[in-house]
Structure formats: structure tokens, C-alpha cells
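Dumped work-v4.cif below, it's mmCIF, C-alpha atoms:
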data_entry
loop_
_atom_site.label_atom_id
_atom_site.label_comp_id
_atom_site.auth_asym_id
_atom_site.auth_seq_id
_atom_site.Cartn_x
_atom_site.Cartn_y
_atom_site.Cartn_z
CA MET A 1 9.15 8.85 -44.21
CA GLN A 2 10.34 12.23 -42.98
CA LYS A 3 13.70 13.41 -44.36
CA ILE A 4 16.38 15.34 -42.50
CA LEU A 5 19.44 16.72 -44.32
CA VAL A 6 22.65 16.97 -42.29
CA PHE A 7 25.82 18.95 -43.06
CA THR A 8 28.73 18.99 -40.64
CA ASP A 9 32.21 20.52 -40.55
CA ILE A 10 31.56 23.14 -43.21
CA HIS A 11 34.58 25.27 -42.18
CA ILE A 12 33.66 28.44 -44.09
CA VAL A 13 36.72 30.67 -44.59
CA ALA A 14 37.11 34.29 -45.68
CA GLN A 15 36.77 35.28 -49.31
CA GLY A 16 39.76 34.08 -51.33
CA GLN A 17 41.02 31.62 -48.70
CA THR A 18 41.09 27.84 -49.05
CA ILE A 19 41.80 24.69 -47.03
CA ILE A 20 44.27 22.30 -48.73
CA GLY A 21 43.42 24.12 -51.95
CA LEU A 22 39.67 23.57 -51.57
CA ASP A 23 37.08 26.32 -51.20
CA PRO A 24 34.77 25.34 -48.30
CA PHE A 25 32.19 27.96 -49.30
CA ALA A 26 31.95 26.62 -52.86
CA ARG A 27 31.85 23.03 -51.63
CA PHE A 28 29.02 23.78 -49.19
CA ALA A 29 27.05 25.71 -51.82
CA GLN A 30 27.45 22.79 -54.22
CA GLY A 31 26.34 20.29 -51.57
CA LEU A 32 23.38 22.39 -50.47
CA ASN A 33 22.18 22.82 -54.06
CA HIS A 34 22.63 19.09 -54.65
CA ALA A 35 20.63 18.18 -51.55
CA LEU A 36 17.80 20.65 -52.17
CA ALA A 37 17.45 19.58 -55.80
CA ARG A 38 17.12 15.90 -54.86
CA HIS A 39 15.28 16.22 -51.56
CA PRO A 40 13.06 19.32 -51.71
CA ASP A 41 10.60 17.46 -49.49
CA ALA A 42 13.03 17.34 -46.55
CA ALA A 43 11.57 18.61 -43.30
CA ARG A 44 14.72 20.31 -41.97
CA ILE A 45 18.45 20.84 -42.40
CA VAL A 46 20.80 20.37 -39.45
CA LEU A 47 24.24 22.03 -39.59
CA CYS A 48 26.18 19.99 -37.06
CA GLY A 49 28.97 22.38 -36.03
CA ASP A 50 32.31 23.76 -37.23
CA LEU A 51 30.31 26.19 -39.30
CA THR A 52 33.43 28.30 -39.80
CA HIS A 53 37.16 27.66 -39.70
CA ARG A 54 38.37 30.55 -37.54
CA ALA A 55 35.12 31.93 -36.07
CA MET A 56 35.65 35.28 -37.78
CA PRO A 57 32.70 37.64 -38.37
CA GLU A 58 33.33 37.58 -42.13
CA GLU A 59 33.08 33.79 -42.15
CA TYR A 60 29.73 33.77 -40.34
CA ALA A 61 28.49 36.52 -42.68
CA ARG A 62 29.39 34.37 -45.70
CA LEU A 63 27.54 31.42 -44.18
CA ARG A 64 24.47 33.55 -43.56
CA GLY A 65 24.56 34.61 -47.18
CA ALA A 66 24.82 31.01 -48.34
CA LEU A 67 21.70 30.14 -46.32
CA ALA A 68 19.68 33.23 -47.24
CA ASP A 69 17.56 31.56 -49.93
CA CYS A 70 17.27 28.13 -48.31
CA PRO A 71 13.57 27.16 -48.34
CA LEU A 72 13.84 24.70 -45.42
CA PRO A 73 14.01 25.27 -41.66
CA ILE A 74 17.60 25.12 -40.41
CA SER A 75 19.04 23.99 -37.09
CA LEU A 76 22.42 25.62 -36.43
CA MET A 77 24.93 23.98 -34.09
CA LEU A 78 28.46 24.86 -32.98
CA GLY A 79 31.72 22.92 -33.02
CA ASN A 80 35.22 23.47 -31.69
CA HIS A 81 36.15 25.86 -34.53
CA ASP A 82 33.20 28.13 -33.69
CA ARG A 83 32.70 30.81 -31.04
CA ARG A 84 29.35 31.83 -29.60
CA ALA A 85 29.69 35.64 -29.63
CA PRO A 86 30.47 36.12 -33.34
CA PHE A 87 27.99 33.37 -34.21
CA LEU A 88 25.17 35.14 -32.35
CA ASP A 89 26.19 38.48 -33.89
CA ALA A 90 25.55 36.92 -37.31
CA PHE A 91 22.57 34.78 -36.27
CA PRO A 92 20.84 36.68 -33.44
CA GLU A 93 17.64 34.72 -34.03
CA ALA A 94 19.35 31.37 -33.34
CA ALA A 95 17.69 29.32 -30.64
CA CYS A 96 19.75 29.21 -27.46
CA MET A 97 19.51 28.67 -23.72
CA ASP A 98 19.41 31.46 -21.14
CA THR A 99 23.08 30.61 -20.49
CA GLY A 100 23.93 31.44 -24.10
CA HIS A 101 24.55 27.84 -25.14
CA ILE A 102 23.23 26.99 -28.60
CA GLN A 103 20.90 24.12 -27.75
CA HIS A 104 17.38 23.55 -29.01
CA TYR A 105 14.97 20.85 -30.15
CA ALA A 106 12.56 20.43 -33.03
CA ASP A 107 9.67 17.98 -33.25
CA ILE A 108 9.40 16.47 -36.73
CA GLY A 109 6.35 14.26 -37.09
CA ALA A 110 6.57 11.62 -34.37
CA HIS A 111 10.29 12.28 -33.73
CA ARG A 112 12.17 14.81 -31.65
CA LEU A 113 15.52 16.19 -32.81
CA ILE A 114 17.74 17.46 -29.99
CA CYS A 115 20.69 19.63 -31.03
CA LEU A 116 23.41 19.95 -28.39
CA ASP A 117 26.22 22.46 -27.93
CA THR A 118 29.44 20.56 -27.16
CA LEU A 119 31.70 23.60 -27.70
CA ASP A 120 34.12 24.26 -24.83
CA GLU A 121 35.64 27.69 -25.42
CA VAL A 122 38.15 27.19 -22.59
CA ALA A 123 39.13 23.60 -23.41
CA PRO A 124 42.71 22.95 -22.23
CA ASP A 125 43.54 21.45 -25.64
CA GLN A 126 41.45 24.09 -27.50
CA HIS A 127 39.39 21.54 -29.43
CA SER A 128 37.83 18.87 -27.17
CA GLY A 129 34.16 19.07 -26.24
CA TRP A 130 32.24 19.34 -22.99
CA LEU A 131 28.64 19.53 -21.80
CA CYS A 132 28.43 21.51 -18.55
CA PRO A 133 25.81 20.72 -15.84
CA ALA A 134 23.43 23.35 -17.23
CA ARG A 135 23.52 21.79 -20.69
CA LEU A 136 23.16 18.28 -19.27
CA ASP A 137 20.17 19.31 -17.14
CA TRP A 138 18.55 20.93 -20.19
CA LEU A 139 19.13 17.71 -22.13
CA GLU A 140 17.56 15.60 -19.41
CA GLN A 141 14.50 17.85 -19.25
CA CYS A 142 14.15 17.81 -23.03
CA LEU A 143 14.36 14.01 -23.07
CA THR A 144 11.75 13.74 -20.34
CA GLU A 145 9.37 16.10 -22.09
CA ALA A 146 9.74 14.10 -25.31
CA GLY A 147 7.81 11.28 -23.64
CA ALA A 148 7.28 8.41 -26.05
CA ARG A 149 8.66 10.30 -29.03
CA PRO A 150 11.73 8.64 -30.57
CA VAL A 151 14.64 11.03 -30.12
CA ILE A 152 17.61 11.72 -32.42
CA ALA A 153 20.43 13.49 -30.59
CA PHE A 154 22.88 15.63 -32.58
CA THR A 155 26.34 16.47 -31.23
CA HIS A 156 29.39 17.94 -32.89
CA HIS A 157 31.86 15.91 -30.82
CA PRO A 158 30.98 12.20 -31.01
CA PRO A 159 30.22 10.47 -27.69
CA ILE A 160 32.33 7.47 -28.78
CA ASP A 161 35.94 6.64 -29.55
CA THR A 162 36.54 6.19 -33.28
CA GLY A 163 39.99 4.60 -33.39
CA PHE A 164 41.55 7.82 -34.72
CA ALA A 165 44.06 8.55 -31.96
CA GLY A 166 44.32 12.28 -32.60
CA MET A 167 40.61 12.92 -32.96
CA ASP A 168 39.71 10.76 -29.96
CA ALA A 169 42.13 12.84 -27.88
CA ILE A 170 40.02 15.92 -28.65
CA GLY A 171 36.65 14.19 -28.36
CA LEU A 172 33.81 14.73 -25.88
CA ARG A 173 35.55 14.65 -22.51
CA ASN A 174 32.48 13.83 -20.41
CA ARG A 175 30.97 11.39 -22.86
CA ALA A 176 30.15 8.92 -20.06
CA ASP A 177 27.82 11.46 -18.41
CA VAL A 178 26.15 12.23 -21.73
CA ILE A 179 25.66 8.56 -22.62
CA ALA A 180 24.27 7.82 -19.17
CA ARG A 181 21.55 10.44 -19.57
CA LEU A 182 20.72 9.38 -23.11
CA ARG A 183 20.45 5.73 -22.08
CA ALA A 184 18.39 6.49 -18.98
CA ALA A 185 15.77 8.31 -21.03
CA GLY A 186 15.00 5.15 -22.99
CA ASN A 187 13.71 7.05 -26.02
CA VAL A 188 16.93 7.93 -27.88
CA VAL A 189 17.09 5.86 -31.07
CA GLN A 190 20.00 7.54 -32.91
CA ILE A 191 22.97 9.83 -32.32
CA VAL A 192 24.42 11.86 -35.22
CA SER A 193 27.80 13.60 -34.93
CA GLY A 194 30.57 15.24 -36.91
CA HIS A 195 34.08 16.44 -35.93
CA VAL A 196 36.03 13.50 -37.40
CA HIS A 197 35.53 14.24 -41.12
CA ARG A 198 34.89 10.58 -41.95
CA THR A 199 31.90 8.27 -42.22
CA VAL A 200 31.95 6.15 -39.06
CA GLN A 201 29.32 3.89 -37.50
CA GLY A 202 29.36 2.89 -33.85
CA SER A 203 27.37 2.46 -30.66
CA ALA A 204 27.23 4.74 -27.61
CA GLY A 205 25.97 2.62 -24.71
CA GLY A 206 23.87 0.61 -27.13
CA ILE A 207 22.55 3.65 -29.03
CA PRO A 208 23.41 3.63 -32.77
CA THR A 209 25.85 6.45 -33.54
CA ALA A 210 26.62 7.83 -37.00
CA ILE A 211 29.51 10.20 -37.71
CA LEU A 212 29.32 12.03 -41.05
CA LYS A 213 31.87 13.45 -43.48
CA SER A 214 32.52 17.09 -44.28
CA PRO A 215 31.35 18.69 -47.54
CA CYS A 216 34.92 19.93 -47.96
CA HIS A 217 38.02 18.08 -46.65
CA GLN A 218 38.24 14.65 -45.02
CA MET A 219 40.39 12.89 -42.43
CA PRO A 220 42.75 10.37 -44.05
CA MET A 221 42.62 6.78 -42.81
CA ALA A 222 45.53 7.30 -40.44
CA LEU A 223 44.33 5.70 -37.22
CA ASP A 224 47.52 6.12 -35.19
CA ALA A 225 48.26 9.71 -36.21
CA LYS A 226 48.28 12.24 -33.37
CA ASP A 227 48.04 15.22 -35.75
CA THR A 228 44.43 16.44 -35.78
CA SER A 229 44.97 18.77 -38.74
CA LEU A 230 45.51 16.00 -41.29
CA SER A 231 43.26 16.53 -44.31
CA ILE A 232 42.78 14.92 -47.69
CA ASP A 233 40.85 15.85 -50.81
CA GLU A 234 38.27 13.07 -50.90
CA PRO A 235 34.63 13.47 -52.02
CA GLY A 236 32.54 15.92 -50.02
CA ALA A 237 29.34 14.58 -48.50
CA TYR A 238 26.18 15.31 -46.57
CA GLY A 239 23.88 13.05 -44.58
CA LEU A 240 20.28 12.09 -45.24
CA LEU A 241 18.17 10.72 -42.39
CA LEU A 242 14.96 8.86 -43.10
CA LEU A 243 12.60 8.80 -40.13
CA SER A 244 9.88 6.17 -40.01
CA GLU A 245 7.74 4.37 -37.47
CA THR A 246 10.17 1.45 -37.49
CA GLY A 247 13.42 3.37 -37.01
CA VAL A 248 16.00 5.76 -38.43
CA ILE A 249 17.96 5.13 -41.62
CA VAL A 250 21.22 7.08 -42.10
CA HIS A 251 22.49 7.65 -45.63
CA THR A 252 25.57 9.58 -46.75
CA GLU A 253 25.77 11.19 -50.17
CA ASP A 254 29.14 11.92 -51.85
CA PHE A 255 28.02 14.84 -53.98
CA THR A 256 31.38 15.78 -55.55
CA LEU A 257 31.83 12.51 -57.42
CA PRO A 258 31.61 12.83 -61.23
CA PRO A 259 28.28 11.85 -62.81
CA THR A 260 27.91 8.16 -63.48
CA ARG A 261 25.85 6.25 -66.00
CA SER A 262 22.77 4.43 -64.76
CA PHE A 263 22.22 0.80 -65.66
CA THR A 264 19.15 -1.37 -65.54
CA TYR A 265 19.74 -4.96 -64.49
CA SER A 266 17.41 -7.68 -65.68
#
Kindly present the structure from the file in C-alpha cells form.
Amino acid sequence: MQKILVFTDIHIVAQGQTIIGLDPFARFAQGLNHALARHPDAARIVLCGDLTHRAMPEEYARLRGALADCPLPISLMLGNHDRRAPFLDAFPEAACMDTGHIQHYADIGAHRLICLDTLDEVAPDQHSGWLCPARLDWLEQCLTEAGARPVIAFTHHPPIDTGFAGMDAIGLRNRADVIARLRAAGNVVQIVSGHVHRTVQGSAGGIPTAILKSPCHQMPMALDAKDTSLSIDEPGAYGLLLLSETGVIVHTEDFTLPPTRSFTYS
């Protein structure tokens, strides 16, 4: 099996700053070290958006420093807390379209990973997502060129409702168009998203969809809340995808839990 490590909603802040008393930089460094120690054979790391909290140059510089010694290839994606100009200033080598959108694909063994840019910098609500016609056309071409390869599509904004009223209100506004293209291709076997800061499983037009937690702060189980800034100090996590000929397995690892004893059952 091929392994893919996934971190989403990292929310790096400036030196000395925290979010609900937590240090996102320290949490991400802890999670990255944890993942690399246990899965050094992973083929790639995908950072699924909201790389920083305020899209400040210092925040992107800190993230670049945190990734400097990473031995694995990295796919960088953007979320609603990011901005393309300061991101590209810090990561000028990042793969992007001619339009400046941060979209790219990577073929891993028999699979194709497609990383989409759902950031809408002029969203009326400031945080919902959107894929413009240029990004959708790129997606369709990438899906076509994948041929018989099983495809895993990565988005920051999930293409499904989650039941969290506030987060669904700032979700992917043209999700129906995105799902239609993914379904029509016939080769998309898994969607992986972030944005919600909780582990959620669902289906987008029949395509399995996994939403992963943040390595830092999580969304409390407050389904009816309209406040999208609600956060709680629950265990930080990253995702682990196992790719095989028979399908995709999605694991989530809570790396900030205290060590536990191992038992052998007979």
C-alpha cells in the first residue's frame, strides 16, 4: 500500500501568538514529527489549506521553516484563511495554474491525487469557497487525463453539508457543479477535505468524503451554532491514507493524546 499523510487547518500564527491558548506552530511540529517517525515510508504529505491564520508574511515564513527539513514531497493547498500573494512570496516554487490558482496533481503509483484551490478571496461572507470556471475546466481536464487511474480529490472546503450550521453556511458555494464533474469522470474514488476541524464521514454524489481534524484546535459538537469561530482544545490529529488496488482507507491519528500501555489479548 502507498501511504499519504494529510494535515489540514494548521493555522500558523506569528511568534508568541496562540489560538485559545494553543500554539499552532508547536502543535504542527509535534504532529509532523509524530507522522514522520511512524510513517517514514509515506509517498507524500498533503497540507489541505488554512496553512496560516491571518495570511501574514511572517506566518508563511514560519511554515516554510517548519517544512525545511521534511524528507517527503509536499503538496500545498490554500483555505479561506490564506491569501495567494503572500503564500507565493513564501513558496514561489509552489505548483499553480497560469491564472495563479494553487491547483496541481501528483501521480502516486496507480493513483492520481488532485489538489484543488477552493479559496475565494472576494467571498461575500469572507470564508466560503468557490471554484471558478477556469478551475473547474482544469479539474475536468485533469480527470480526463487520469484515464483509468483511481483519483483522490483534495479540497479545503468540503463539497457536502456536515450538519454544522455555521460551517455549512461558509462551505463550498458551487458544490453541485464540483460534484457533477467528479461524478461524470467516473474515476474519483475518494474526496478528502478540511475546514470543519472535526472528523466527519459522508458522501458527495456517491463518492466517499472524509473531513479531517486540525492538528491544533477543533470545532465543538455544536451542530446548531451559527458562530464559525467556536473552538475547543481537543486532541490534534492528522490523516493517513492507505492506497491499494482495492480502494482507499482513511485513518485519523490523534497525536496529542498521552501515551497508553499496549496489551496483548489471548
Could you list as a ChimeraX atom specification every residue that has an atom within 12 Å of (30.9, 38.1, -43.7), using the file's coordinates and counting all atoms listed in the file? /A:12-15,25,52,55-66,86-87,89-91
So what does the PyMOL selection byres ((chain A and resi 178) around 10) actually pick up in this one, as an MDAnalysis selection string? chainID A and resid 130:131 135:136 139:140 159 172:177 179:183 204
Give as number ranges by chain the residues that the PyMOL selection byres ((chain A and resi 146-154) around 8) matches when applied to the coordinates above. A: 48, 110-116, 142-145, 155-156, 187-193
To one decimal in Å, tell me the separation between CA of Thr199 in chain A and CA of Ser244 in chain A.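 CA of Thr199 in chain A sits 22.2 Å away from CA of Ser244 in chain A.
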Which residues fall under the PyMOL selection byres ((chain A and resi 9) around 6) in this file, as number ranges by chain? A: 8, 10-11, 49-50, 214
Just give me the gap between CA of Arg83 in chain A and CA of Ala222 in chain A in Å, one decimal is fine. 28.4 Å
Any idea what the distance is between CA of Ala43 in chain A and CA of Pro73 in chain A?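 Going from CA of Ala43 in chain A over to CA of Pro73 in chain A, I get 7.3 Å.
Excluding Gln126 in chain A and any residue on its chain fewer than 4 positions from it, the residues at most 12 Å away by all atoms listed in the file are Gly79, Asn80, His81, Asp82, Arg83, Leu119, Asp120, Glu121, Val122, Trp130, Ala169, Ile170, Gly171 and Thr228 of chain A.
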Atoms to include: C-alpha atoms. Write the selected residues as a CSV table (one decimal), in the frame of the given file.
chain,number,residue,atom,x,y,z
A,79,GLY,CA,31.7,22.9,-33.0
A,80,ASN,CA,35.2,23.5,-31.7
A,81,HIS,CA,36.2,25.9,-34.5
A,82,ASP,CA,33.2,28.1,-33.7
A,83,ARG,CA,32.7,30.8,-31.0
A,119,LEU,CA,31.7,23.6,-27.7
A,120,ASP,CA,34.1,24.3,-24.8
A,121,GLU,CA,35.6,27.7,-25.4
A,122,VAL,CA,38.2,27.2,-22.6
A,130,TRP,CA,32.2,19.3,-23.0
A,169,ALA,CA,42.1,12.8,-27.9
A,170,ILE,CA,40.0,15.9,-28.6
A,171,GLY,CA,36.6,14.2,-28.4
A,228,THR,CA,44.4,16.4,-35.8
Ranking A:Ala42, A:Pro92, A:Gln30, A:His157 by minimum distance to Ala237 in chain A and counting all atoms listed in the file, which one comes first?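 Result for the nearest residue to Ala237 in chain A: A:Gln30.
Using all atoms listed in the file for every distance, the candidate list A:Val6, A:Leu241, A:Leu223, A:Ile249 yields A:Val6 as the residue closest to Ile74 in chain A.
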Of the candidates A:Leu242, A:Ala165, A:Ile211, A:Leu5, which shows the shortest atom-to-atom distance to Gly109 in chain A, using all atoms listed in the file?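 Answer, going by the shortest atom-to-atom distance: A:Leu242.
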Shell around Gly31 in chain A at 8 Å using all atoms listed in the file, local window under 2 positions removed, as an mmCIF file with C-alpha atoms, keeping the file's coordinate frame:
data_model
loop_
_atom_site.group_PDB
_atom_site.id
_atom_site.type_symbol
_atom_site.label_atom_id
_atom_site.label_comp_id
_atom_site.auth_asym_id
_atom_site.auth_seq_id
_atom_site.Cartn_x
_atom_site.Cartn_y
_atom_site.Cartn_z
ATOM 1 C CA ARG A 27 31.850 23.030 -51.630
ATOM 2 C CA PHE A 28 29.020 23.780 -49.190
ATOM 3 C CA ALA A 29 27.050 25.710 -51.820
ATOM 4 C CA ASN A 33 22.180 22.820 -54.060
ATOM 5 C CA HIS A 34 22.630 19.090 -54.650
ATOM 6 C CA ALA A 35 20.630 18.180 -51.550
ATOM 7 C CA PRO A 215 31.350 18.690 -47.540
ATOM 8 C CA GLY A 236 32.540 15.920 -50.020
ATOM 9 C CA ALA A 237 29.340 14.580 -48.500
ATOM 10 C CA TYR A 238 26.180 15.310 -46.570
ATOM 11 C CA PHE A 255 28.020 14.840 -53.980
ATOM 12 C CA THR A 256 31.380 15.780 -55.550
#
Selected residue of minimal separation from Leu243 in chain A among A:Asp23, A:Asp224, A:Asp107, A:Asp168, counting all atoms listed in the file: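 Between A:Asp23, A:Asp224, A:Asp107, A:Asp168, the residue approaching Leu243 in chain A most closely is A:Asp107.
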Hey, can I get the axis-aligned box for range 221-233 of chain A? All listed atoms, 8 Å padding on each side, centre and edge lengths in Å to one decimal, as lines of an AutoDock Vina configuration file.
center_x = 44.6
center_y = 12.2
center_z = -42.1
size_x = 23.4
size_y = 29.1
size_z = 33.4
Identify which of the residues A:Pro124, A:Leu257, A:Ala106, A:Met221 lies closest to Gly163 in chain A, counting only C-alpha atoms when measuring atom-to-atom distances. A:Met221
Which one is closest to His217 in chain A: A:Gln201, A:Ser75, A:Thr246, A:Thr18? Count only C-alpha atoms.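 The answer is A:Thr18, which sits nearest to His217 in chain A.
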Please supply range 82-93 of chain A, rebuilt with all heavy atoms, as a JSON list (two decimals), in the frame of the given file.
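Produced file part.json, reproduced below:
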[["chain", "number", "residue", "atom", "x", "y", "z"],
["A", 82, "ASP", "N", 34.12, 27.01, -33.80],
["A", 82, "ASP", "CA", 33.20, 28.13, -33.69],
["A", 82, "ASP", "C", 33.38, 28.87, -32.37],
["A", 82, "ASP", "O", 34.02, 28.38, -31.44],
["A", 82, "ASP", "CB", 31.75, 27.63, -33.80],
["A", 82, "ASP", "CG", 31.43, 27.05, -35.16],
["A", 82, "ASP", "OD1", 31.63, 27.77, -36.16],
["A", 82, "ASP", "OD2", 31.00, 25.89, -35.23],
["A", 83, "ARG", "N", 32.78, 30.05, -32.28],
["A", 83, "ARG", "CA", 32.70, 30.81, -31.04],
["A", 83, "ARG", "C", 31.31, 31.44, -30.96],
["A", 83, "ARG", "O", 30.78, 31.92, -31.96],
["A", 83, "ARG", "CB", 33.79, 31.90, -30.98],
["A", 83, "ARG", "CG", 35.21, 31.34, -30.84],
["A", 83, "ARG", "CD", 35.38, 30.59, -29.52],
["A", 83, "ARG", "NE", 36.71, 30.02, -29.34],
["A", 83, "ARG", "CZ", 37.05, 28.76, -29.65],
["A", 83, "ARG", "NH1", 36.13, 27.95, -30.21],
["A", 83, "ARG", "NH2", 38.25, 28.31, -29.44],
["A", 84, "ARG", "N", 30.75, 31.45, -29.75],
["A", 84, "ARG", "CA", 29.35, 31.83, -29.60],
["A", 84, "ARG", "C", 29.09, 33.30, -29.91],
["A", 84, "ARG", "O", 28.09, 33.65, -30.54],
["A", 84, "ARG", "CB", 28.86, 31.48, -28.19],
["A", 84, "ARG", "CG", 28.84, 29.98, -27.93],
["A", 84, "ARG", "CD", 28.24, 29.62, -26.57],
["A", 84, "ARG", "NE", 28.43, 28.20, -26.33],
["A", 84, "ARG", "CZ", 29.49, 27.67, -25.72],
["A", 84, "ARG", "NH1", 30.45, 28.48, -25.26],
["A", 84, "ARG", "NH2", 29.60, 26.37, -25.56],
["A", 85, "ALA", "N", 29.96, 34.20, -29.45],
["A", 85, "ALA", "CA", 29.69, 35.64, -29.63],
["A", 85, "ALA", "C", 29.61, 36.04, -31.09],
["A", 85, "ALA", "O", 28.61, 36.65, -31.52],
["A", 85, "ALA", "CB", 30.74, 36.46, -28.88],
["A", 86, "PRO", "N", 30.60, 35.74, -31.92],
["A", 86, "PRO", "CA", 30.47, 36.12, -33.34],
["A", 86, "PRO", "C", 29.36, 35.36, -34.05],
["A", 86, "PRO", "O", 28.75, 35.89, -34.99],
["A", 86, "PRO", "CB", 31.85, 35.81, -33.93],
["A", 86, "PRO", "CG", 32.47, 34.82, -32.99],
["A", 86, "PRO", "CD", 31.93, 35.16, -31.64],
["A", 87, "PHE", "N", 29.10, 34.12, -33.62],
["A", 87, "PHE", "CA", 27.99, 33.37, -34.21],
["A", 87, "PHE", "C", 26.68, 34.10, -33.95],
["A", 87, "PHE", "O", 25.87, 34.31, -34.87],
["A", 87, "PHE", "CB", 27.94, 31.95, -33.66],
["A", 87, "PHE", "CG", 26.65, 31.24, -33.95],
["A", 87, "PHE", "CD1", 26.40, 30.71, -35.21],
["A", 87, "PHE", "CD2", 25.67, 31.12, -32.97],
["A", 87, "PHE", "CE1", 25.19, 30.07, -35.49],
["A", 87, "PHE", "CE2", 24.47, 30.47, -33.23],
["A", 87, "PHE", "CZ", 24.23, 29.95, -34.50],
["A", 88, "LEU", "N", 26.44, 34.49, -32.69],
["A", 88, "LEU", "CA", 25.17, 35.14, -32.35],
["A", 88, "LEU", "C", 25.08, 36.54, -32.95],
["A", 88, "LEU", "O", 23.98, 37.03, -33.21],
["A", 88, "LEU", "CB", 25.01, 35.19, -30.83],
["A", 88, "LEU", "CG", 24.69, 33.83, -30.18],
["A", 88, "LEU", "CD1", 24.74, 33.94, -28.66],
["A", 88, "LEU", "CD2", 23.31, 33.33, -30.63],
["A", 89, "ASP", "N", 26.22, 37.18, -33.19],
["A", 89, "ASP", "CA", 26.19, 38.48, -33.89],
["A", 89, "ASP", "C", 25.63, 38.30, -35.31],
["A", 89, "ASP", "O", 24.89, 39.15, -35.80],
["A", 89, "ASP", "CB", 27.59, 39.08, -33.95],
["A", 89, "ASP", "CG", 28.04, 39.67, -32.63],
["A", 89, "ASP", "OD1", 27.17, 39.91, -31.76],
["A", 89, "ASP", "OD2", 29.25, 39.89, -32.46],
["A", 90, "ALA", "N", 26.00, 37.19, -35.94],
["A", 90, "ALA", "CA", 25.55, 36.92, -37.31],
["A", 90, "ALA", "C", 24.18, 36.28, -37.36],
["A", 90, "ALA", "O", 23.43, 36.48, -38.32],
["A", 90, "ALA", "CB", 26.57, 36.04, -38.03],
["A", 91, "PHE", "N", 23.85, 35.49, -36.32],
["A", 91, "PHE", "CA", 22.57, 34.78, -36.27],
["A", 91, "PHE", "C", 21.87, 35.08, -34.94],
["A", 91, "PHE", "O", 21.70, 34.19, -34.10],
["A", 91, "PHE", "CB", 22.80, 33.27, -36.42],
["A", 91, "PHE", "CG", 23.37, 32.85, -37.74],
["A", 91, "PHE", "CD1", 24.75, 32.69, -37.90],
["A", 91, "PHE", "CD2", 22.55, 32.61, -38.84],
["A", 91, "PHE", "CE1", 25.29, 32.31, -39.12],
["A", 91, "PHE", "CE2", 23.08, 32.23, -40.06],
["A", 91, "PHE", "CZ", 24.45, 32.08, -40.20],
["A", 92, "PRO", "N", 21.45, 36.32, -34.73],
["A", 92, "PRO", "CA", 20.84, 36.68, -33.44],
["A", 92, "PRO", "C", 19.53, 35.95, -33.17],
["A", 92, "PRO", "O", 19.10, 35.87, -32.01],
["A", 92, "PRO", "CB", 20.62, 38.19, -33.56],
["A", 92, "PRO", "CG", 20.55, 38.45, -35.03],
["A", 92, "PRO", "CD", 21.50, 37.47, -35.65],
["A", 93, "GLU", "N", 18.91, 35.43, -34.21],
["A", 93, "GLU", "CA", 17.64, 34.72, -34.03],
["A", 93, "GLU", "C", 17.84, 33.25, -33.68],
["A", 93, "GLU", "O", 16.86, 32.52, -33.44],
["A", 93, "GLU", "CB", 16.81, 34.82, -35.31],
["A", 93, "GLU", "CG", 17.29, 33.95, -36.48],
["A", 93, "GLU", "CD", 18.51, 34.49, -37.22],
["A", 93, "GLU", "OE1", 19.08, 35.51, -36.80],
["A", 93, "GLU", "OE2", 18.89, 33.88, -38.23]]
